[in-house]
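Novice: For reference, the file data.txt (compact mmCIF, N, CA and C atoms) is included below:
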```txt
# COMPACT_ATOMS: atom_id res chain seq x y z
N MET N 9 158.29 -59.22 1.54
CA MET N 9 158.32 -57.99 2.30
C MET N 9 159.72 -57.71 2.84
N ARG N 10 160.34 -58.74 3.34
CA ARG N 10 161.69 -58.60 3.88
C ARG N 10 162.67 -58.19 2.79
N ARG N 11 162.52 -58.79 1.62
CA ARG N 11 163.39 -58.46 0.49
C ARG N 11 163.20 -57.01 0.06
N THR N 12 161.96 -56.56 0.01
CA THR N 12 161.67 -55.18 -0.37
C THR N 12 162.28 -54.20 0.63
N LEU N 13 162.14 -54.50 1.90
CA LEU N 13 162.71 -53.64 2.94
C LEU N 13 164.23 -53.60 2.84
N SER N 14 164.85 -54.74 2.56
CA SER N 14 166.31 -54.79 2.39
C SER N 14 166.75 -53.95 1.20
N LEU N 15 166.04 -54.05 0.09
CA LEU N 15 166.38 -53.27 -1.09
C LEU N 15 166.21 -51.77 -0.85
N MET N 16 165.18 -51.39 -0.13
CA MET N 16 164.96 -49.98 0.16
C MET N 16 166.06 -49.45 1.08
N THR N 17 166.48 -50.23 2.05
CA THR N 17 167.56 -49.82 2.94
C THR N 17 168.86 -49.67 2.17
N LEU N 18 169.15 -50.62 1.32
CA LEU N 18 170.36 -50.57 0.50
C LEU N 18 170.35 -49.35 -0.42
N ALA N 19 169.22 -49.06 -1.02
CA ALA N 19 169.10 -47.89 -1.89
C ALA N 19 169.30 -46.60 -1.09
N GLY N 20 168.80 -46.56 0.13
CA GLY N 20 168.98 -45.38 0.98
C GLY N 20 170.44 -45.15 1.32
N VAL N 21 171.15 -46.21 1.63
CA VAL N 21 172.58 -46.10 1.95
C VAL N 21 173.35 -45.58 0.74
N PHE N 22 173.09 -46.12 -0.42
CA PHE N 22 173.80 -45.67 -1.62
C PHE N 22 173.45 -44.24 -2.00
N SER N 23 172.22 -43.82 -1.76
CA SER N 23 171.86 -42.45 -2.09
C SER N 23 172.58 -41.46 -1.17
N VAL N 24 172.79 -41.81 0.08
CA VAL N 24 173.53 -40.94 0.99
C VAL N 24 174.99 -40.86 0.54
N LEU N 25 175.57 -41.98 0.15
CA LEU N 25 176.95 -41.98 -0.32
C LEU N 25 177.11 -41.19 -1.61
N ALA N 26 176.09 -41.18 -2.43
CA ALA N 26 176.15 -40.44 -3.69
C ALA N 26 176.19 -38.93 -3.45
N LEU N 27 175.71 -38.46 -2.31
CA LEU N 27 175.71 -37.04 -2.01
C LEU N 27 177.06 -36.54 -1.51
N ALA N 28 177.95 -37.44 -1.16
CA ALA N 28 179.27 -37.05 -0.66
C ALA N 28 180.07 -36.38 -1.76
N GLU N 29 180.79 -35.33 -1.39
CA GLU N 29 181.62 -34.60 -2.33
C GLU N 29 183.07 -34.63 -1.85
N ASN N 30 183.98 -34.30 -2.76
CA ASN N 30 185.39 -34.20 -2.42
C ASN N 30 185.79 -32.74 -2.34
N TYR N 31 186.54 -32.40 -1.31
CA TYR N 31 187.05 -31.05 -1.11
C TYR N 31 188.56 -31.16 -0.94
N SER N 32 189.31 -30.40 -1.72
CA SER N 32 190.77 -30.38 -1.61
C SER N 32 191.22 -28.96 -1.33
N GLY N 33 192.15 -28.83 -0.39
CA GLY N 33 192.66 -27.51 -0.08
C GLY N 33 193.58 -27.53 1.12
N LYS N 34 193.86 -26.34 1.60
CA LYS N 34 194.77 -26.14 2.72
C LYS N 34 194.02 -26.34 4.03
N LEU N 35 194.58 -27.16 4.91
CA LEU N 35 193.99 -27.42 6.22
C LEU N 35 194.37 -26.29 7.17
N LEU N 36 193.38 -25.74 7.86
CA LEU N 36 193.57 -24.59 8.73
C LEU N 36 193.16 -24.91 10.17
N ASP N 37 193.68 -24.12 11.10
CA ASP N 37 193.24 -24.13 12.49
C ASP N 37 192.00 -23.23 12.54
N ALA N 38 190.83 -23.81 12.74
CA ALA N 38 189.57 -23.06 12.66
C ALA N 38 189.45 -22.01 13.76
N SER N 39 189.90 -22.30 14.97
CA SER N 39 189.78 -21.31 16.05
C SER N 39 190.69 -20.12 15.79
N CYS N 40 191.89 -20.35 15.28
CA CYS N 40 192.80 -19.26 14.91
C CYS N 40 192.18 -18.44 13.79
N TYR N 41 191.62 -19.10 12.81
CA TYR N 41 191.01 -18.42 11.67
C TYR N 41 189.87 -17.51 12.13
N ASP N 42 189.04 -18.00 13.07
CA ASP N 42 187.93 -17.19 13.58
C ASP N 42 188.44 -15.98 14.37
N GLN N 43 189.48 -16.16 15.16
CA GLN N 43 190.01 -15.08 15.99
C GLN N 43 190.77 -14.04 15.18
N GLN N 44 191.52 -14.48 14.20
CA GLN N 44 192.37 -13.56 13.44
C GLN N 44 191.63 -12.83 12.33
N LYS N 45 190.40 -13.16 12.11
CA LYS N 45 189.59 -12.51 11.07
C LYS N 45 190.28 -12.55 9.70
N LYS N 46 190.85 -13.68 9.39
CA LYS N 46 191.45 -13.93 8.07
C LYS N 46 192.71 -13.12 7.80
N GLU N 47 193.27 -12.47 8.78
CA GLU N 47 194.44 -11.62 8.56
C GLU N 47 195.75 -12.37 8.69
N ALA N 48 195.81 -13.40 9.49
CA ALA N 48 197.07 -14.10 9.75
C ALA N 48 197.01 -15.51 9.17
N SER N 49 198.17 -16.09 9.05
CA SER N 49 198.26 -17.47 8.60
C SER N 49 197.87 -18.38 9.76
N CYS N 50 196.96 -19.25 9.54
CA CYS N 50 196.46 -20.15 10.58
C CYS N 50 196.62 -21.61 10.13
N ASP N 51 197.85 -21.99 9.83
CA ASP N 51 198.11 -23.36 9.40
C ASP N 51 197.80 -24.34 10.52
N ALA N 52 197.27 -25.49 10.16
CA ALA N 52 196.98 -26.53 11.13
C ALA N 52 198.28 -27.14 11.63
N SER N 53 198.27 -27.57 12.88
CA SER N 53 199.44 -28.23 13.47
C SER N 53 198.95 -29.41 14.31
N SER N 54 199.90 -30.13 14.89
CA SER N 54 199.51 -31.29 15.70
C SER N 54 198.79 -30.86 16.97
N ALA N 55 198.85 -29.58 17.34
CA ALA N 55 198.16 -29.08 18.52
C ALA N 55 196.75 -28.56 18.20
N THR N 56 196.38 -28.53 16.95
CA THR N 56 195.08 -28.01 16.53
C THR N 56 193.96 -28.94 16.98
N ALA N 57 192.88 -28.35 17.49
CA ALA N 57 191.73 -29.14 17.94
C ALA N 57 190.53 -29.01 17.01
N THR N 58 190.36 -27.84 16.39
CA THR N 58 189.26 -27.64 15.44
C THR N 58 189.85 -27.23 14.10
N PHE N 59 189.36 -27.86 13.06
CA PHE N 59 189.93 -27.70 11.73
C PHE N 59 188.93 -27.10 10.76
N ALA N 60 189.49 -26.48 9.72
CA ALA N 60 188.74 -25.97 8.59
C ALA N 60 189.58 -26.24 7.35
N ILE N 61 188.97 -26.18 6.19
CA ILE N 61 189.70 -26.37 4.94
C ILE N 61 189.39 -25.20 4.02
N ASP N 62 190.45 -24.65 3.43
CA ASP N 62 190.33 -23.53 2.50
C ASP N 62 190.28 -24.11 1.09
N VAL N 63 189.10 -24.06 0.49
CA VAL N 63 188.89 -24.60 -0.85
C VAL N 63 188.70 -23.42 -1.80
N SER N 64 189.76 -23.05 -2.49
CA SER N 64 189.73 -21.96 -3.46
C SER N 64 189.17 -20.67 -2.87
N GLY N 65 189.62 -20.32 -1.67
CA GLY N 65 189.20 -19.08 -1.04
C GLY N 65 187.96 -19.19 -0.18
N LYS N 66 187.25 -20.29 -0.23
CA LYS N 66 186.08 -20.51 0.61
C LYS N 66 186.50 -21.42 1.76
N VAL N 67 186.32 -20.96 2.99
CA VAL N 67 186.73 -21.73 4.16
C VAL N 67 185.52 -22.47 4.74
N LEU N 68 185.66 -23.79 4.83
CA LEU N 68 184.61 -24.64 5.37
C LEU N 68 185.13 -25.34 6.62
N LYS N 69 184.36 -25.32 7.67
CA LYS N 69 184.76 -25.98 8.92
C LYS N 69 184.43 -27.47 8.84
N LEU N 70 185.15 -28.26 9.64
CA LEU N 70 184.89 -29.69 9.73
C LEU N 70 184.01 -29.96 10.95
N ASP N 71 183.16 -30.98 10.86
CA ASP N 71 182.33 -31.34 12.00
C ASP N 71 183.19 -32.01 13.08
N GLN N 72 182.58 -32.37 14.20
CA GLN N 72 183.32 -32.93 15.33
C GLN N 72 184.05 -34.22 14.96
N SER N 73 183.40 -35.12 14.24
CA SER N 73 184.09 -36.36 13.85
C SER N 73 185.21 -36.04 12.85
N GLY N 74 185.01 -35.04 12.03
CA GLY N 74 186.05 -34.61 11.10
C GLY N 74 187.25 -34.04 11.82
N ASN N 75 187.01 -33.30 12.90
CA ASN N 75 188.11 -32.78 13.71
C ASN N 75 188.94 -33.91 14.29
N THR N 76 188.27 -34.94 14.78
CA THR N 76 188.96 -36.10 15.35
C THR N 76 189.77 -36.82 14.28
N LYS N 77 189.16 -37.02 13.12
CA LYS N 77 189.86 -37.72 12.02
C LYS N 77 191.05 -36.90 11.53
N ALA N 78 190.88 -35.59 11.42
CA ALA N 78 191.98 -34.73 10.95
C ALA N 78 193.13 -34.72 11.94
N ALA N 79 192.82 -34.64 13.23
CA ALA N 79 193.88 -34.63 14.26
C ALA N 79 194.67 -35.93 14.22
N THR N 80 193.98 -37.04 14.08
CA THR N 80 194.65 -38.35 14.01
C THR N 80 195.50 -38.45 12.75
N ALA N 81 194.95 -38.05 11.62
CA ALA N 81 195.69 -38.11 10.35
C ALA N 81 196.91 -37.20 10.38
N LEU N 82 196.77 -36.03 10.96
CA LEU N 82 197.87 -35.07 11.02
C LEU N 82 199.00 -35.59 11.90
N LYS N 83 198.65 -36.22 12.99
CA LYS N 83 199.67 -36.77 13.90
C LYS N 83 200.36 -37.99 13.32
N ASN N 84 199.70 -38.69 12.41
CA ASN N 84 200.25 -39.92 11.84
C ASN N 84 200.82 -39.76 10.44
N ARG N 85 200.84 -38.55 9.91
CA ARG N 85 201.30 -38.41 8.52
C ARG N 85 202.77 -38.79 8.39
N ALA N 86 203.12 -39.28 7.22
CA ALA N 86 204.44 -39.87 6.98
C ALA N 86 205.58 -38.86 7.10
N ASP N 87 205.43 -37.65 6.57
CA ASP N 87 206.55 -36.71 6.58
C ASP N 87 206.85 -36.18 7.98
N ARG N 88 205.95 -36.36 8.90
CA ARG N 88 206.18 -35.93 10.28
C ARG N 88 207.19 -36.85 10.96
N THR N 89 207.20 -38.11 10.57
CA THR N 89 208.10 -39.08 11.20
C THR N 89 209.39 -39.27 10.43
N ASP N 90 209.51 -38.70 9.24
CA ASP N 90 210.71 -38.85 8.42
C ASP N 90 211.60 -37.61 8.57
N PRO N 91 212.73 -37.74 9.28
CA PRO N 91 213.58 -36.57 9.53
C PRO N 91 214.27 -36.04 8.27
N THR N 92 214.32 -36.81 7.18
CA THR N 92 214.97 -36.35 5.96
C THR N 92 214.08 -35.42 5.15
N LYS N 93 212.79 -35.43 5.41
CA LYS N 93 211.86 -34.56 4.68
C LYS N 93 211.70 -33.25 5.44
N GLN N 94 211.81 -32.16 4.71
CA GLN N 94 211.61 -30.86 5.33
C GLN N 94 210.11 -30.63 5.51
N GLN N 95 209.73 -30.35 6.72
CA GLN N 95 208.32 -30.17 7.00
C GLN N 95 207.86 -28.77 6.61
N SER N 96 206.79 -28.73 5.90
CA SER N 96 206.18 -27.47 5.52
C SER N 96 205.11 -27.13 6.54
N LYS N 97 204.92 -25.85 6.82
CA LYS N 97 203.86 -25.46 7.73
C LYS N 97 202.49 -25.67 7.08
N GLU N 98 202.46 -25.53 5.78
CA GLU N 98 201.20 -25.67 5.05
C GLU N 98 200.85 -27.15 4.91
N VAL N 99 199.62 -27.49 5.29
CA VAL N 99 199.16 -28.87 5.23
C VAL N 99 198.01 -28.94 4.25
N MET N 100 198.16 -29.76 3.22
CA MET N 100 197.10 -29.94 2.24
C MET N 100 196.30 -31.20 2.60
N ALA N 101 195.01 -31.16 2.31
CA ALA N 101 194.15 -32.29 2.66
C ALA N 101 193.08 -32.48 1.60
N GLN N 102 192.60 -33.70 1.52
CA GLN N 102 191.45 -34.02 0.68
C GLN N 102 190.39 -34.61 1.60
N VAL N 103 189.23 -33.97 1.63
CA VAL N 103 188.14 -34.36 2.52
C VAL N 103 186.97 -34.85 1.67
N THR N 104 186.39 -35.96 2.09
CA THR N 104 185.18 -36.47 1.46
C THR N 104 184.05 -36.35 2.47
N GLY N 105 182.96 -35.73 2.06
CA GLY N 105 181.82 -35.56 2.94
C GLY N 105 180.76 -34.69 2.29
N SER N 106 179.81 -34.26 3.09
CA SER N 106 178.74 -33.41 2.57
C SER N 106 178.71 -32.11 3.36
N GLU N 107 178.54 -31.01 2.64
CA GLU N 107 178.58 -29.68 3.24
C GLU N 107 177.17 -29.16 3.47
N LYS N 108 176.99 -28.57 4.64
CA LYS N 108 175.71 -27.94 4.95
C LYS N 108 175.98 -26.76 5.87
N GLY N 109 175.62 -25.58 5.43
CA GLY N 109 175.77 -24.40 6.26
C GLY N 109 177.21 -24.05 6.60
N GLY N 110 178.15 -24.33 5.71
CA GLY N 110 179.54 -23.99 5.95
C GLY N 110 180.32 -25.01 6.75
N THR N 111 179.69 -26.14 7.08
CA THR N 111 180.36 -27.20 7.83
C THR N 111 180.29 -28.50 7.03
N ILE N 112 181.42 -29.19 6.96
CA ILE N 112 181.46 -30.46 6.23
C ILE N 112 181.29 -31.60 7.22
N ALA N 113 180.32 -32.47 6.96
CA ALA N 113 180.16 -33.72 7.70
C ALA N 113 181.14 -34.70 7.04
N VAL N 114 182.24 -34.96 7.70
CA VAL N 114 183.37 -35.68 7.11
C VAL N 114 183.13 -37.19 7.12
N ASP N 115 183.31 -37.78 5.93
CA ASP N 115 183.31 -39.24 5.81
C ASP N 115 184.74 -39.75 5.92
N SER N 116 185.67 -39.07 5.23
CA SER N 116 187.08 -39.46 5.30
C SER N 116 187.95 -38.24 5.01
N ILE N 117 189.21 -38.32 5.46
CA ILE N 117 190.16 -37.25 5.23
C ILE N 117 191.51 -37.87 4.93
N ASP N 118 192.19 -37.27 3.96
CA ASP N 118 193.53 -37.72 3.57
C ASP N 118 194.47 -36.52 3.63
N ILE N 119 195.45 -36.59 4.52
CA ILE N 119 196.45 -35.53 4.66
C ILE N 119 197.58 -35.81 3.69
N GLN N 120 197.96 -34.80 2.91
CA GLN N 120 199.00 -35.00 1.90
C GLN N 120 200.29 -34.36 2.31
```
Go ahead and render the structure in this file as structure tokens.

Specialist:
Amino acid sequence: MRRTLSLMTLAGVFSVLALAENYSGKLLDASCYDQQKKEASCDASSATATFAIDVSGKVLKLDQSGNTKAATALKNRADRTDPTKQQSKEVMAQVTGSEKGGTIAVDSIDIQ
């Protein structure tokens, strides 16, 4: 019985991980994007608190844990600390997670 329960739990964990998708695109300031009605450039910065990602014209918001992960990754990215690299306002990111209702439940995020 214990073995069966362990196998069922393991199968459940792997099935959840199998539903995760990868999203690549431009990282945006979600609050700016909502206020500007898509008219202005709303690039993410180190001061951004809520994030979204523009994936081929479709903008998806990040969940609360995704916002925390994105803020940390953005503050720690390599080109921010290297004065020889010219910093671009545009920030590209790759997000792994599952989307529901226009919001991504973020498993991981990689700032490029």

Novice: Give the answer as one residue: which of N:Ser39, N:Gln44, N:Ser106, N:Ser73 has the shortest atom-to-atom distance to N:Thr58, using only N, CA and C atoms?

Specialist: N:Ser39

Novice: Any idea what the distance is between atom CA of N:Ala38 and atom CA of N:Ala55?

Specialist: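 Atom CA of N:Ala55 lies at a distance of 12.0 Å from atom CA of N:Ala38.
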
Novice: Calculated over all atoms listed in the file, which of the candidates N:Leu15, N:Asp51, N:Arg10, N:Gln43 has the smallest distance to N:Lys97?

Specialist: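 Smallest separation from N:Lys97 among the options: N:Asp51.
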
Novice: Using only C-alpha atoms for the distances, tell me which of N:Ile61, N:Ile112, N:Ile119, N:Ala28 is nearest to N:Gly74.

Specialist: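 Of N:Ile61, N:Ile112, N:Ile119, N:Ala28, the one nearest N:Gly74, counting only C-alpha atoms, is N:Ile112.
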
Novice: When you draw a straight line from atom CA of N:Leu13 to atom CA of N:Asp115, how long is it in Å?

Specialist: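 Computed distance, atom CA of N:Leu13 to atom CA of N:Asp115, equals 25.3 Å.
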
Novice: Report, in Å with one decimal, the straight-line distance from atom CA of N:Glu98 to atom CA of N:Ser53.

Specialist: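 A separation of 9.0 Å between them.
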
Novice: Would you mind writing down, as a PDB file with N, CA and C atoms, in the coordinates of the input, each residue of stretch 57-118 of chain N that DSSP on the backbone assigns to strand (DSSP E or B)?

Specialist:
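Generated file (result_35.pdb):
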```pdb
ATOM      1  N   PHE N  59     189.360 -27.860  13.060  1.00  0.00           N
ATOM      2  CA  PHE N  59     189.930 -27.700  11.730  1.00  0.00           C
ATOM      3  C   PHE N  59     188.930 -27.100  10.760  1.00  0.00           C
ATOM      4  N   ALA N  60     189.490 -26.480   9.720  1.00  0.00           N
ATOM      5  CA  ALA N  60     188.740 -25.970   8.590  1.00  0.00           C
ATOM      6  C   ALA N  60     189.580 -26.240   7.350  1.00  0.00           C
ATOM      7  N   ILE N  61     188.970 -26.180   6.190  1.00  0.00           N
ATOM      8  CA  ILE N  61     189.700 -26.370   4.940  1.00  0.00           C
ATOM      9  C   ILE N  61     189.390 -25.200   4.020  1.00  0.00           C
ATOM     10  N   ASP N  62     190.450 -24.650   3.430  1.00  0.00           N
ATOM     11  CA  ASP N  62     190.330 -23.530   2.500  1.00  0.00           C
ATOM     12  C   ASP N  62     190.280 -24.110   1.090  1.00  0.00           C
ATOM     13  N   VAL N  63     189.100 -24.060   0.490  1.00  0.00           N
ATOM     14  CA  VAL N  63     188.890 -24.600  -0.850  1.00  0.00           C
ATOM     15  C   VAL N  63     188.700 -23.420  -1.800  1.00  0.00           C
ATOM     16  N   LYS N  66     187.250 -20.290  -0.230  1.00  0.00           N
ATOM     17  CA  LYS N  66     186.080 -20.510   0.610  1.00  0.00           C
ATOM     18  C   LYS N  66     186.500 -21.420   1.760  1.00  0.00           C
ATOM     19  N   VAL N  67     186.320 -20.960   2.990  1.00  0.00           N
ATOM     20  CA  VAL N  67     186.730 -21.730   4.160  1.00  0.00           C
ATOM     21  C   VAL N  67     185.520 -22.470   4.740  1.00  0.00           C
ATOM     22  N   LEU N  68     185.660 -23.790   4.830  1.00  0.00           N
ATOM     23  CA  LEU N  68     184.610 -24.640   5.370  1.00  0.00           C
ATOM     24  C   LEU N  68     185.130 -25.340   6.620  1.00  0.00           C
ATOM     25  N   LYS N  69     184.360 -25.320   7.670  1.00  0.00           N
ATOM     26  CA  LYS N  69     184.760 -25.980   8.920  1.00  0.00           C
ATOM     27  C   LYS N  69     184.430 -27.470   8.840  1.00  0.00           C
ATOM     28  N   LEU N  70     185.150 -28.260   9.640  1.00  0.00           N
ATOM     29  CA  LEU N  70     184.890 -29.690   9.730  1.00  0.00           C
ATOM     30  C   LEU N  70     184.010 -29.960  10.950  1.00  0.00           C
ATOM     31  N   VAL N  99     199.620 -27.490   5.290  1.00  0.00           N
ATOM     32  CA  VAL N  99     199.160 -28.870   5.230  1.00  0.00           C
ATOM     33  C   VAL N  99     198.010 -28.940   4.250  1.00  0.00           C
ATOM     34  N   MET N 100     198.160 -29.760   3.220  1.00  0.00           N
ATOM     35  CA  MET N 100     197.100 -29.940   2.240  1.00  0.00           C
ATOM     36  C   MET N 100     196.300 -31.200   2.600  1.00  0.00           C
ATOM     37  N   ALA N 101     195.010 -31.160   2.310  1.00  0.00           N
ATOM     38  CA  ALA N 101     194.150 -32.290   2.660  1.00  0.00           C
ATOM     39  C   ALA N 101     193.080 -32.480   1.600  1.00  0.00           C
ATOM     40  N   GLN N 102     192.600 -33.700   1.520  1.00  0.00           N
ATOM     41  CA  GLN N 102     191.450 -34.020   0.680  1.00  0.00           C
ATOM     42  C   GLN N 102     190.390 -34.610   1.600  1.00  0.00           C
ATOM     43  N   VAL N 103     189.230 -33.970   1.630  1.00  0.00           N
ATOM     44  CA  VAL N 103     188.140 -34.360   2.520  1.00  0.00           C
ATOM     45  C   VAL N 103     186.970 -34.850   1.670  1.00  0.00           C
ATOM     46  N   THR N 104     186.390 -35.960   2.090  1.00  0.00           N
ATOM     47  CA  THR N 104     185.180 -36.470   1.460  1.00  0.00           C
ATOM     48  C   THR N 104     184.050 -36.350   2.470  1.00  0.00           C
ATOM     49  N   GLY N 105     182.960 -35.730   2.060  1.00  0.00           N
ATOM     50  CA  GLY N 105     181.820 -35.560   2.940  1.00  0.00           C
ATOM     51  C   GLY N 105     180.760 -34.690   2.290  1.00  0.00           C
ATOM     52  N   SER N 106     179.810 -34.260   3.090  1.00  0.00           N
ATOM     53  CA  SER N 106     178.740 -33.410   2.570  1.00  0.00           C
ATOM     54  C   SER N 106     178.710 -32.110   3.360  1.00  0.00           C
ATOM     55  N   GLU N 107     178.540 -31.010   2.640  1.00  0.00           N
ATOM     56  CA  GLU N 107     178.580 -29.680   3.240  1.00  0.00           C
ATOM     57  C   GLU N 107     177.170 -29.160   3.470  1.00  0.00           C
ATOM     58  N   LYS N 108     176.990 -28.570   4.640  1.00  0.00           N
ATOM     59  CA  LYS N 108     175.710 -27.940   4.950  1.00  0.00           C
ATOM     60  C   LYS N 108     175.980 -26.760   5.870  1.00  0.00           C
ATOM     61  N   THR N 111     179.690 -26.140   7.080  1.00  0.00           N
ATOM     62  CA  THR N 111     180.360 -27.200   7.830  1.00  0.00           C
ATOM     63  C   THR N 111     180.290 -28.500   7.030  1.00  0.00           C
ATOM     64  N   ILE N 112     181.420 -29.190   6.960  1.00  0.00           N
ATOM     65  CA  ILE N 112     181.460 -30.460   6.230  1.00  0.00           C
ATOM     66  C   ILE N 112     181.290 -31.600   7.220  1.00  0.00           C
ATOM     67  N   ALA N 113     180.320 -32.470   6.960  1.00  0.00           N
ATOM     68  CA  ALA N 113     180.160 -33.720   7.700  1.00  0.00           C
ATOM     69  C   ALA N 113     181.140 -34.700   7.040  1.00  0.00           C
ATOM     70  N   VAL N 114     182.240 -34.960   7.700  1.00  0.00           N
ATOM     71  CA  VAL N 114     183.370 -35.680   7.110  1.00  0.00           C
ATOM     72  C   VAL N 114     183.130 -37.190   7.120  1.00  0.00           C
ATOM     73  N   ASP N 115     183.310 -37.780   5.930  1.00  0.00           N
ATOM     74  CA  ASP N 115     183.310 -39.240   5.810  1.00  0.00           C
ATOM     75  C   ASP N 115     184.740 -39.750   5.920  1.00  0.00           C
ATOM     76  N   SER N 116     185.670 -39.070   5.230  1.00  0.00           N
ATOM     77  CA  SER N 116     187.080 -39.460   5.300  1.00  0.00           C
ATOM     78  C   SER N 116     187.950 -38.240   5.010  1.00  0.00           C
ATOM     79  N   ILE N 117     189.210 -38.320   5.460  1.00  0.00           N
ATOM     80  CA  ILE N 117     190.160 -37.250   5.230  1.00  0.00           C
ATOM     81  C   ILE N 117     191.510 -37.870   4.930  1.00  0.00           C
ATOM     82  N   ASP N 118     192.190 -37.270   3.960  1.00  0.00           N
ATOM     83  CA  ASP N 118     193.530 -37.720   3.570  1.00  0.00           C
ATOM     84  C   ASP N 118     194.470 -36.520   3.630  1.00  0.00           C
TER      85      ASP N 118
END
```

Novice: Hey, which of N:Thr111, N:Gln120, N:Thr76, N:Thr56 ends up closest to N:Leu36? Count only N, CA and C atoms.

Specialist: N:Thr56

Novice: Counting only N, CA and C atoms, what is within 8 Å of N:Gln102, bar same-chain residues fewer than 2 positions away, as JSON, numbers by chain?

Specialist: {"N": [30, 31, 32, 33, 34, 35, 99, 100, 104, 105, 116, 117, 118, 119, 120]}

Novice: Return the single residue from N:Cys50, N:Ala57, N:Val103, N:Val63 that is closest to N:Asn75, with distances computed using only N, CA and C atoms.

Specialist: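 Counting only N, CA and C atoms, the residue closest to N:Asn75 is N:Ala57.
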
Novice: Which one is closest to N:Ala113: N:Asp37, N:Ala60, N:Ala19, N:Asp71? Count all atoms listed in the file.

Specialist: N:Asp71
